[in-house]
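A.B. asks: mmCIF, C-alpha atoms, saved as run.cif, coming up:
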```cif
data_target
loop_
_atom_site.label_atom_id
_atom_site.label_comp_id
_atom_site.auth_asym_id
_atom_site.auth_seq_id
_atom_site.Cartn_x
_atom_site.Cartn_y
_atom_site.Cartn_z
CA MET A 1 -73.50 29.55 61.18
CA LEU A 2 -71.81 26.21 60.65
CA ILE A 3 -71.04 25.27 57.05
CA TYR A 4 -69.98 21.72 56.20
CA SER A 5 -68.07 20.66 53.08
CA HIS A 6 -65.59 17.95 52.10
CA PRO A 7 -63.48 17.40 48.96
CA VAL A 8 -64.83 13.88 48.38
CA CYS A 9 -68.27 15.35 47.65
CA TRP A 10 -66.83 16.74 44.39
CA LYS A 11 -65.68 13.26 43.35
CA HIS A 12 -69.06 11.54 43.29
CA GLU A 13 -70.37 11.49 39.71
CA ASN A 14 -73.49 10.24 37.99
CA GLU A 15 -73.72 8.78 34.52
CA ASN A 16 -76.71 9.26 32.25
CA ASP A 17 -77.29 8.17 28.67
CA VAL A 18 -79.68 11.01 27.88
CA MET A 19 -78.53 14.14 29.72
CA LEU A 20 -74.87 14.92 29.09
CA PRO A 21 -73.40 16.43 31.13
CA HIS A 22 -75.43 14.98 33.96
CA PRO A 23 -77.34 17.77 35.72
CA GLU A 24 -76.35 16.57 39.20
CA ARG A 25 -72.66 17.20 38.64
CA PRO A 26 -69.67 18.21 40.77
CA GLU A 27 -69.73 21.77 39.41
CA ARG A 28 -72.84 22.34 41.49
CA LEU A 29 -70.62 22.53 44.55
CA ASP A 30 -68.41 25.09 42.84
CA ALA A 31 -71.49 27.28 42.56
CA VAL A 32 -72.42 26.67 46.19
CA MET A 33 -68.92 27.53 47.37
CA ALA A 34 -69.00 30.69 45.25
CA ALA A 35 -72.13 31.68 47.18
CA ILE A 36 -70.38 30.97 50.47
CA ASP A 37 -67.43 33.13 49.35
CA ARG A 38 -69.91 36.00 48.89
CA PHE A 39 -71.33 35.47 52.38
CA PRO A 40 -69.65 37.51 55.18
CA ALA A 41 -66.66 35.52 56.42
CA ASP A 42 -67.24 36.52 60.04
CA ARG A 43 -70.75 35.02 59.96
CA TYR A 44 -69.80 31.35 59.56
CA GLN A 45 -67.40 28.60 60.57
CA ARG A 46 -66.25 25.95 58.07
CA LEU A 47 -66.28 22.37 59.35
CA GLU A 48 -65.26 19.05 57.84
CA PRO A 49 -68.09 16.54 58.24
CA PRO A 50 -67.24 13.31 60.05
CA LEU A 51 -67.90 9.90 58.52
CA ALA A 52 -71.23 8.27 59.30
CA ASP A 53 -71.32 4.62 60.28
CA LYS A 54 -73.24 1.97 58.39
CA ALA A 55 -75.69 1.60 61.28
CA ASP A 56 -76.63 5.28 61.03
CA TYR A 57 -78.34 4.64 57.68
CA GLU A 58 -80.67 2.15 59.32
CA LEU A 59 -82.38 5.04 61.09
CA ALA A 60 -84.26 5.62 57.83
CA HIS A 61 -83.51 2.66 55.54
CA ASP A 62 -84.06 -1.09 55.52
CA PRO A 63 -80.87 -2.79 56.74
CA ARG A 64 -80.89 -5.06 53.69
CA TYR A 65 -80.86 -2.04 51.39
CA VAL A 66 -78.06 -0.40 53.35
CA ASP A 67 -76.03 -3.61 53.19
CA ALA A 68 -76.62 -3.96 49.45
CA ILE A 69 -75.35 -0.42 48.71
CA PHE A 70 -72.35 -0.74 51.03
CA THR A 71 -71.47 -4.12 49.51
CA GLN A 72 -72.04 -3.31 45.84
CA ALA A 73 -70.67 0.24 45.64
CA PRO A 74 -67.49 0.25 43.50
CA LYS A 75 -64.32 0.13 45.54
CA ASP A 76 -61.94 0.96 42.72
CA PHE A 77 -62.65 2.19 39.20
CA GLY A 78 -66.05 1.62 37.68
CA VAL A 79 -69.64 2.80 37.85
CA LEU A 80 -72.74 1.03 39.13
CA ARG A 81 -76.03 2.32 37.76
CA VAL A 82 -78.69 1.93 40.46
CA ASP A 83 -81.42 4.00 38.79
CA GLY A 84 -82.05 5.48 35.36
CA ASP A 85 -80.27 8.68 36.36
CA THR A 86 -78.41 7.66 39.52
CA SER A 87 -74.98 6.06 39.69
CA LEU A 88 -72.36 5.01 42.20
CA ASN A 89 -68.66 5.43 41.57
CA GLU A 90 -65.72 4.63 43.83
CA TYR A 91 -66.22 7.87 45.77
CA THR A 92 -70.01 7.82 46.21
CA LEU A 93 -70.11 5.85 49.43
CA ASP A 94 -67.47 8.02 51.11
CA ALA A 95 -69.25 11.16 49.91
CA SER A 96 -72.55 9.88 51.29
CA ARG A 97 -70.92 9.04 54.61
CA ARG A 98 -69.70 12.65 54.81
CA VAL A 99 -73.16 14.03 54.00
CA VAL A 100 -74.88 11.88 56.61
CA GLY A 101 -72.09 12.34 59.14
CA GLY A 102 -72.22 16.08 58.62
CA ALA A 103 -76.00 16.18 58.95
CA MET A 104 -75.91 14.30 62.25
CA ASP A 105 -73.01 16.41 63.57
CA ALA A 106 -74.88 19.56 62.59
CA VAL A 107 -77.96 18.36 64.47
CA ASP A 108 -75.83 17.63 67.54
CA ARG A 109 -74.24 21.07 67.45
CA VAL A 110 -77.31 23.23 66.81
CA LEU A 111 -79.21 21.41 69.55
CA ALA A 112 -76.36 21.89 72.01
CA GLY A 113 -75.71 25.54 71.02
CA PRO A 114 -74.53 28.22 71.00
CA ASP A 115 -74.57 27.83 67.20
CA ARG A 116 -78.18 27.54 65.99
CA ARG A 117 -77.78 27.32 62.22
CA ALA A 118 -75.98 24.90 59.90
CA PHE A 119 -75.81 24.38 56.14
CA LEU A 120 -74.40 21.36 54.31
CA ALA A 121 -72.56 22.22 51.09
CA THR A 122 -72.47 18.56 50.16
CA ARG A 123 -73.69 16.01 47.64
CA PRO A 124 -75.18 13.55 46.71
CA PRO A 125 -78.67 14.85 47.54
CA GLY A 126 -81.20 12.60 49.21
CA HIS A 127 -84.90 13.43 49.21
CA HIS A 128 -85.93 10.90 46.52
CA ALA A 129 -84.24 7.95 48.28
CA ALA A 130 -86.88 5.63 49.73
CA PRO A 131 -86.48 3.04 52.50
CA CYS A 132 -85.34 0.38 50.01
CA GLN A 133 -84.72 2.22 46.74
CA PRO A 134 -82.50 4.89 45.17
CA ALA A 135 -84.03 7.39 42.74
CA GLY A 136 -83.59 10.79 41.16
CA PHE A 137 -79.86 11.30 41.83
CA CYS A 138 -80.37 10.15 45.46
CA VAL A 139 -79.00 7.01 47.12
CA PHE A 140 -79.69 7.62 50.82
CA ASN A 141 -82.16 10.00 52.43
CA ASN A 142 -79.95 12.45 54.29
CA VAL A 143 -82.68 14.60 55.83
CA ALA A 144 -84.70 11.65 57.11
CA ILE A 145 -81.61 10.17 58.75
CA ALA A 146 -80.91 13.54 60.39
CA ALA A 147 -84.49 13.72 61.67
CA TYR A 148 -84.42 10.26 63.20
CA HIS A 149 -80.97 10.88 64.65
CA ALA A 150 -82.48 13.84 66.52
CA ILE A 151 -85.44 11.76 67.65
CA ARG A 152 -83.58 8.60 68.66
CA HIS A 153 -80.38 10.09 70.09
CA HIS A 154 -81.63 13.40 71.51
CA GLY A 155 -85.15 12.39 72.51
CA LEU A 156 -86.83 15.08 70.41
CA GLU A 157 -90.59 14.82 70.14
CA ARG A 158 -91.21 17.41 67.39
CA VAL A 159 -89.11 17.70 64.23
CA ALA A 160 -90.22 19.68 61.19
CA ILE A 161 -88.88 18.98 57.70
CA VAL A 162 -89.50 21.67 55.08
CA ASP A 163 -88.77 20.52 51.54
CA PHE A 164 -88.82 23.16 48.81
CA ASP A 165 -87.76 21.85 45.40
CA VAL A 166 -89.22 21.63 41.92
CA HIS A 167 -89.54 17.87 42.57
CA HIS A 168 -91.56 16.29 45.36
CA GLY A 169 -89.46 14.65 48.09
CA ASP A 170 -91.20 11.34 47.66
CA GLY A 171 -88.57 9.28 49.44
CA THR A 172 -88.74 11.49 52.51
CA GLU A 173 -92.51 11.21 52.54
CA GLN A 174 -92.39 7.42 52.32
CA ILE A 175 -90.00 7.29 55.27
CA VAL A 176 -91.74 9.75 57.63
CA ALA A 177 -95.41 9.14 56.75
CA ASN A 178 -97.39 8.43 59.94
CA SER A 179 -94.36 9.20 62.11
CA ALA A 180 -95.81 11.10 65.06
CA PRO A 181 -92.72 13.16 65.93
CA VAL A 182 -92.33 14.47 62.34
CA ARG A 183 -94.21 16.97 60.22
CA LEU A 184 -93.22 17.13 56.54
CA PHE A 185 -93.99 20.36 54.69
CA SER A 186 -93.29 20.13 50.97
CA CYS A 187 -93.85 22.36 47.95
CA PHE A 188 -93.18 21.22 44.40
CA GLN A 189 -94.32 21.42 40.79
CA HIS A 190 -97.26 19.12 40.16
CA PRO A 191 -97.88 17.12 38.07
CA TYR A 192 -94.18 16.54 37.51
CA TYR A 193 -91.51 14.00 38.42
CA PRO A 194 -91.87 11.92 40.53
CA TYR A 195 -95.66 12.37 40.08
CA SER A 196 -96.40 11.94 43.78
CA GLY A 197 -97.36 13.96 46.83
CA ILE A 198 -101.02 14.51 45.92
CA PRO A 199 -102.79 13.10 47.84
CA PRO A 200 -100.31 12.87 50.73
CA LEU A 201 -99.53 9.49 52.22
CA ALA A 202 -100.47 10.54 55.76
CA ASP A 203 -101.85 13.42 57.81
CA ASN A 204 -98.38 14.47 58.97
CA CYS A 205 -97.41 15.22 55.34
CA LEU A 206 -98.52 18.69 54.22
CA PRO A 207 -97.97 19.28 50.48
CA VAL A 208 -98.36 22.50 48.51
CA PRO A 209 -98.52 21.63 44.79
CA LEU A 210 -97.54 24.34 42.32
CA GLU A 211 -98.75 24.49 38.73
CA ASN A 212 -96.31 24.72 35.84
CA LEU A 213 -95.13 28.33 35.29
CA THR A 214 -95.95 29.41 38.85
CA ASP A 215 -94.00 32.58 39.60
CA GLY A 216 -92.87 34.08 42.90
CA GLU A 217 -96.17 35.82 43.58
CA GLY A 218 -98.12 32.61 42.99
CA PHE A 219 -95.64 30.63 45.08
CA ARG A 220 -95.95 32.98 48.05
CA ARG A 221 -99.72 33.06 47.77
CA ALA A 222 -99.91 29.25 47.72
CA ILE A 223 -97.78 28.96 50.84
CA ARG A 224 -99.72 31.68 52.69
CA ASP A 225 -103.05 30.06 51.76
CA SER A 226 -101.89 26.64 52.98
CA VAL A 227 -101.88 25.35 56.57
CA TRP A 228 -98.08 25.61 56.80
CA PHE A 229 -97.63 28.62 59.04
CA ASP A 230 -100.47 27.81 61.43
CA THR A 231 -99.34 24.20 61.68
CA LEU A 232 -95.71 25.18 62.33
CA ALA A 233 -96.78 27.59 65.05
CA GLU A 234 -99.01 24.96 66.67
CA PHE A 235 -96.45 22.16 66.31
CA GLN A 236 -93.62 24.22 67.87
CA PRO A 237 -90.79 22.09 66.45
CA GLN A 238 -87.69 21.54 68.55
CA LEU A 239 -85.66 21.25 65.34
CA LEU A 240 -86.22 22.47 61.80
CA LEU A 241 -84.63 20.69 58.85
CA PHE A 242 -84.64 22.16 55.35
CA SER A 243 -84.41 20.01 52.25
CA ALA A 244 -83.32 23.00 50.20
CA GLY A 245 -83.74 22.63 46.45
CA PHE A 246 -83.21 25.57 44.14
CA ASP A 247 -84.31 24.06 40.81
CA ALA A 248 -87.61 25.97 40.94
CA HIS A 249 -85.63 29.03 39.85
CA LYS A 250 -86.79 30.49 36.53
CA GLN A 251 -83.32 29.98 35.00
CA ASP A 252 -83.29 26.28 35.86
CA LEU A 253 -84.44 24.31 32.83
CA LEU A 254 -84.94 21.04 34.70
CA GLY A 255 -88.34 22.28 35.90
CA GLY A 256 -91.12 24.63 34.93
CA LEU A 257 -91.38 27.06 37.85
CA LEU A 258 -90.41 30.72 37.72
CA LEU A 259 -89.05 31.54 41.17
CA LEU A 260 -86.22 33.95 41.90
CA GLU A 261 -83.58 33.89 44.62
CA GLU A 262 -85.66 36.35 46.67
CA ASP A 263 -88.41 33.73 46.86
CA PHE A 264 -86.05 31.20 48.46
CA ALA A 265 -85.00 33.85 50.98
CA TRP A 266 -88.68 34.58 51.67
CA ILE A 267 -89.68 30.98 52.38
CA THR A 268 -86.61 30.48 54.58
CA ARG A 269 -87.39 33.55 56.70
CA GLU A 270 -91.14 32.93 56.92
CA VAL A 271 -90.82 29.26 57.87
CA ILE A 272 -88.28 30.02 60.60
CA ALA A 273 -90.44 32.84 61.96
CA ALA A 274 -93.55 30.63 62.07
CA ALA A 275 -91.68 27.69 63.60
CA GLY A 276 -89.96 29.52 66.43
CA GLY A 277 -87.72 32.39 65.36
CA ASP A 278 -84.06 33.08 65.99
CA ASP A 279 -83.63 30.59 68.86
CA LEU A 280 -84.86 27.65 66.79
CA PRO A 281 -82.15 25.11 65.84
CA VAL A 282 -82.05 24.81 62.02
CA VAL A 283 -80.07 22.54 59.70
CA SER A 284 -80.31 22.94 55.91
CA LEU A 285 -79.31 20.21 53.46
CA LEU A 286 -78.74 20.80 49.75
CA GLU A 287 -81.10 19.06 47.33
CA GLY A 288 -81.72 20.29 43.75
CA GLY A 289 -80.51 23.25 41.73
CA TYR A 290 -78.82 22.74 38.36
CA ASP A 291 -78.35 26.12 36.68
CA LEU A 292 -75.05 27.11 38.23
CA GLN A 293 -75.53 30.88 38.40
CA ALA A 294 -79.08 30.52 39.70
CA LEU A 295 -77.84 28.01 42.26
CA GLU A 296 -75.10 30.37 43.46
CA ASP A 297 -77.48 33.31 43.81
CA SER A 298 -80.18 31.22 45.46
CA VAL A 299 -77.85 29.61 48.01
CA LEU A 300 -76.55 33.06 48.97
CA ALA A 301 -80.11 34.28 49.49
CA HIS A 302 -80.92 31.18 51.55
CA LEU A 303 -77.83 31.58 53.73
CA THR A 304 -78.58 35.24 54.33
CA ALA A 305 -82.10 34.36 55.44
CA LEU A 306 -80.81 31.56 57.67
CA ASP A 307 -78.36 33.85 59.43
CA VAL A 308 -79.25 34.89 62.98
CA GLY A 309 -78.86 38.57 63.77
#
```
The structure given in the file should be rewritten as structure tokens.

C.D. replies:
Amino acid sequence: MLIYSHPVCWKHENENDVMLPHPERPERLDAVMAAIDRFPADRYQRLEPPLADKADYELAHDPRYVDAIFTQAPKDFGVLRVDGDTSLNEYTLDASRRVVGGAMDAVDRVLAGPDRRAFLATRPPGHHAAPCQPAGFCVFNNVAIAAYHAIRHHGLERVAIVDFDVHHGDGTEQIVANSAPVRLFSCFQHPYYPYSGIPPLADNCLPVPLENLTDGEGFRRAIRDSVWFDTLAEFQPQLLLFSAGFDAHKQDLLGGLLLLEEDFAWITREVIAAAGGDDLPVVSLLEGGYDLQALEDSVLAHLTALDVG
């Protein structure tokens, strides 16, 4: 497995007038790295993500929006609030360029082989970022850029995005809705921020809403009863991208779901099995997860399930 991380991803910080400390904080990566330290060292290779170019963002975002963020992001000291709970500091743009650069490099490598799995231990997250708007701790939509990189630069015709998070990946849905090469599978607490996803924007978006206080048994039942597994098997994706959020864990107070780390391992294994098995190229990008111990345990379970043989 390929694991991407970069020191600048610790330096991006959000400001928030209500939640102090901000839940999407650098210490999240400490928890993720602790999980990686518990993962067998002979099962992965650490890589430094390259820098993405400005034009890469235009795969998923309006060029005017990309230009505005690149122009207005602080270059020295200072903070620019771009959303009620999303900020840019002098490191945010470089951190984002590492996330996007790493996601595209991971796609290139898993498609070329022999490595077939990659995980990005990076931040900021991305699944709330819309074509022209930041939201929910997200400035750019990392997973959507990775998907369109695979489509535009590798000629892929079938890319699956699986988003599991306590919050609906509304930005991803806005970007990929009605995009023929993409199927978006998302599960999330509903009704809950950002109060979207039901009904879906297009037929290629396949949501599984979860009621408040849904536990692991209810979560697994909802996924099994949905069209996910049949659709994945029929679609036969050439690439699988995870938007992996772990804030549905019962210890995470930012949401109201009651999942455990074993549930994240379960959905990882079952989705990969339905979509193509061990030979399927898979890239996983970090989204939510704010209780640090729950995040560590959940990432370890996810990595273990991602691992091939």

A.B. asks: Can you list, as a count of residues only, every protein, DNA or RNA residue that comes within 9 Å of His302 (chain A) when you count all atoms listed in the file, leaving out same-chain residues fewer than 2 positions away?

C.D. replies: 17

A.B. asks: Considering all atoms listed in the file, can you say which of A:Tyr193, A:Phe119, A:Phe140, A:Trp10 comes closest to Asp62 (chain A)?

C.D. replies: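 The closest residue to Asp62 (chain A) is A:Phe140.
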
A.B. asks: Considering all atoms listed in the file, can you say which of A:Val227, A:Pro50, A:Asp105, A:Asn142 comes closest to Arg117 (chain A)?

C.D. replies: A:Asp105

A.B. asks: Neighbouring residues of region 174-188 of chain A were defined as those with any atom within 6 Å, considering all atoms listed in the file; residues of the same chain fewer than 5 positions away were excluded. Please report them as a VMD selection string.

C.D. replies: chain A and resid 157 to 168 202 204 to 210

A.B. asks: Record the distance separating CA of Leu20 (chain A) and CA of Gly136 (chain A), expressed in Å with one decimal.

C.D. replies: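 One can read the CA of Leu20 (chain A) to CA of Gly136 (chain A) distance as 15.5 Å.
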
A.B. asks: Taking the file above as input, evaluate the PyMOL selection byres ((chain A and resi 125) around 7) and report the hits as a list of chain:residue names.

C.D. replies: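 After applying the PyMOL selection byres ((chain A and resi 125) around 7), what remains is A:Arg123, A:Pro124, A:Gly126, A:His127, A:Phe137, A:Cys138, A:Leu286, A:Glu287.
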
A.B. asks: Would you kindly return, as a list of chain:residue names, each protein, DNA or RNA residue with an atom no farther than 9 Å from any atom of Asn14 (chain A), considering all atoms listed in the file and excluding same-chain residues fewer than 5 positions away?

C.D. replies: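 Near neighbours after the sequence-gap exclusion: A:His22, A:Pro23, A:Glu24, A:Arg25, A:Val79, A:Arg81, A:Asp85, A:Thr86, A:Ser87, A:Leu88, A:Asn89, A:Phe137.
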
A.B. asks: Would you please work out which residue, of A:Ala248, A:Val143, A:Leu201, A:Leu239, is nearest to Phe219 (chain A) when using only C-alpha atoms?

C.D. replies: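 When distances to Phe219 (chain A) are compared using only C-alpha atoms, the smallest one comes from A:Ala248.
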
A.B. asks: What does the PyMOL selection byres ((chain A and resi 108) around 12) select in this file, as a PyMOL selection string?

C.D. replies: chain A and resi 2+101-107+109-118+146-147+149-156+239+281-283

A.B. asks: Translate the PyMOL selection byres ((chain A and resi 97) around 10), as applied to the file shown, into an explicit residue set as a list in words.

C.D. replies: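 Those residues are Val8, Cys9, Pro49, Pro50, Leu51, Ala52, Asp53, Lys54, Asp56, Tyr57, Thr92, Leu93, Asp94, Ala95, Ser96, Arg98, Val99, Val100, Gly101, Gly102, Ala103, Phe140 and Asn142 of chain A.
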
A.B. asks: Keeping C-alpha atoms, export the residues of the selection given above as a PDB file, in the frame of the given file.

C.D. replies:
```pdb
ATOM      1  CA  VAL A   8     -64.830  13.880  48.380  1.00  0.00           C
ATOM      2  CA  CYS A   9     -68.270  15.350  47.650  1.00  0.00           C
ATOM      3  CA  PRO A  49     -68.090  16.540  58.240  1.00  0.00           C
ATOM      4  CA  PRO A  50     -67.240  13.310  60.050  1.00  0.00           C
ATOM      5  CA  LEU A  51     -67.900   9.900  58.520  1.00  0.00           C
ATOM      6  CA  ALA A  52     -71.230   8.270  59.300  1.00  0.00           C
ATOM      7  CA  ASP A  53     -71.320   4.620  60.280  1.00  0.00           C
ATOM      8  CA  LYS A  54     -73.240   1.970  58.390  1.00  0.00           C
ATOM      9  CA  ASP A  56     -76.630   5.280  61.030  1.00  0.00           C
ATOM     10  CA  TYR A  57     -78.340   4.640  57.680  1.00  0.00           C
ATOM     11  CA  THR A  92     -70.010   7.820  46.210  1.00  0.00           C
ATOM     12  CA  LEU A  93     -70.110   5.850  49.430  1.00  0.00           C
ATOM     13  CA  ASP A  94     -67.470   8.020  51.110  1.00  0.00           C
ATOM     14  CA  ALA A  95     -69.250  11.160  49.910  1.00  0.00           C
ATOM     15  CA  SER A  96     -72.550   9.880  51.290  1.00  0.00           C
ATOM     16  CA  ARG A  98     -69.700  12.650  54.810  1.00  0.00           C
ATOM     17  CA  VAL A  99     -73.160  14.030  54.000  1.00  0.00           C
ATOM     18  CA  VAL A 100     -74.880  11.880  56.610  1.00  0.00           C
ATOM     19  CA  GLY A 101     -72.090  12.340  59.140  1.00  0.00           C
ATOM     20  CA  GLY A 102     -72.220  16.080  58.620  1.00  0.00           C
ATOM     21  CA  ALA A 103     -76.000  16.180  58.950  1.00  0.00           C
ATOM     22  CA  PHE A 140     -79.690   7.620  50.820  1.00  0.00           C
ATOM     23  CA  ASN A 142     -79.950  12.450  54.290  1.00  0.00           C
TER      24      ASN A 142
END
```

A.B. asks: Which distance in Å separates CA of Pro200 (chain A) and CA of Ser243 (chain A), to one decimal?

C.D. replies: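 We find that CA of Pro200 (chain A) and CA of Ser243 (chain A) lie 17.5 Å from each other.
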
A.B. asks: At what distance in Å, to one decimal, does CA of Gln133 (chain A) lie from CA of Glu58 (chain A)?

C.D. replies: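 Computing it gives 13.2 Å between the two atoms.
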
A.B. asks: Skipping near chain neighbours, those fewer than 5 positions away, what residues fall within 6 Å of Leu120 (chain A) using only C-alpha atoms, listed as a PDB file with C-alpha atoms, keeping the file's coordinate frame?

C.D. replies:
```pdb
ATOM      1  CA  ILE A   3     -71.040  25.270  57.050  1.00  0.00           C
ATOM      2  CA  TYR A   4     -69.980  21.720  56.200  1.00  0.00           C
ATOM      3  CA  LEU A 285     -79.310  20.210  53.460  1.00  0.00           C
TER       4      LEU A 285
END
```

A.B. asks: Determine the nearest neighbour of Gly171 (chain A) from the options A:Pro131, A:Pro40, A:Pro199, A:Gly277, counting all atoms listed in the file.

C.D. replies: A:Pro131

A.B. asks: Within 10 Å of Glu217 (chain A), counting only C-alpha atoms, which residues show up once you throw out same-chain ones fewer than 4 positions away? Write them as a PDB file with C-alpha atoms, in the frame of the given file, please.

C.D. replies:
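Resulting contents of part_3.pdb:
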```
ATOM      1  CA  ARG A 221     -99.720  33.060  47.770  1.00  0.00           C
ATOM      2  CA  ALA A 222     -99.910  29.250  47.720  1.00  0.00           C
ATOM      3  CA  LEU A 258     -90.410  30.720  37.720  1.00  0.00           C
ATOM      4  CA  LEU A 259     -89.050  31.540  41.170  1.00  0.00           C
ATOM      5  CA  ASP A 263     -88.410  33.730  46.860  1.00  0.00           C
TER       6      ASP A 263
END
```

A.B. asks: Please enclose the listed atoms of region 144-150 of chain A in an axis-aligned box, pad each side by 4 Å, and write out the centre and the three edge lengths in Å, rounded to one decimal, as AutoDock Vina command-line options.

C.D. replies:
```
--center_x -82.8 --center_y 12.0 --center_z 61.8 --size_x 11.8 --size_y 11.7 --size_z 17.4
```

A.B. asks: Can you list every residue of region 208-301 of chain A that has an atom at most 9 Å from region 26-34 of chain A, with its nearest atom pair and the distance in Å to one decimal, using all atoms listed in the file, ordered by chain then number, as CSV?

C.D. replies:
```
residue,atom,partner,partner_atom,distance
A:Gly289,CA,A:Arg28,CA,7.7
A:Tyr290,CA,A:Arg28,CA,6.8
A:Asp291,CA,A:Arg28,CA,8.2
A:Leu292,CA,A:Ala31,CA,5.6
A:Gln293,CA,A:Ala31,CA,6.8
A:Ala294,CA,A:Ala31,CA,8.7
A:Leu295,CA,A:Ala31,CA,6.4
A:Glu296,CA,A:Ala31,CA,4.8
A:Asp297,CA,A:Ala31,CA,8.6
A:Val299,CA,A:Val32,CA,6.4
A:Leu300,CA,A:Val32,CA,8.1
```

A.B. asks: Since we have the selection now, will you write its residues out, keeping C-alpha atoms, as a short mmCIF file (atom, residue, chain, number, x, y, z; two decimals), in the coordinates of the input?

C.D. replies:
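Listing of part_39.cif after writing:
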```cif
data_model
loop_
_atom_site.label_atom_id
_atom_site.label_comp_id
_atom_site.auth_asym_id
_atom_site.auth_seq_id
_atom_site.Cartn_x
_atom_site.Cartn_y
_atom_site.Cartn_z
CA GLY A 289 -80.51 23.25 41.73
CA TYR A 290 -78.82 22.74 38.36
CA ASP A 291 -78.35 26.12 36.68
CA LEU A 292 -75.05 27.11 38.23
CA GLN A 293 -75.53 30.88 38.40
CA ALA A 294 -79.08 30.52 39.70
CA LEU A 295 -77.84 28.01 42.26
CA GLU A 296 -75.10 30.37 43.46
CA ASP A 297 -77.48 33.31 43.81
CA VAL A 299 -77.85 29.61 48.01
CA LEU A 300 -76.55 33.06 48.97
#
```
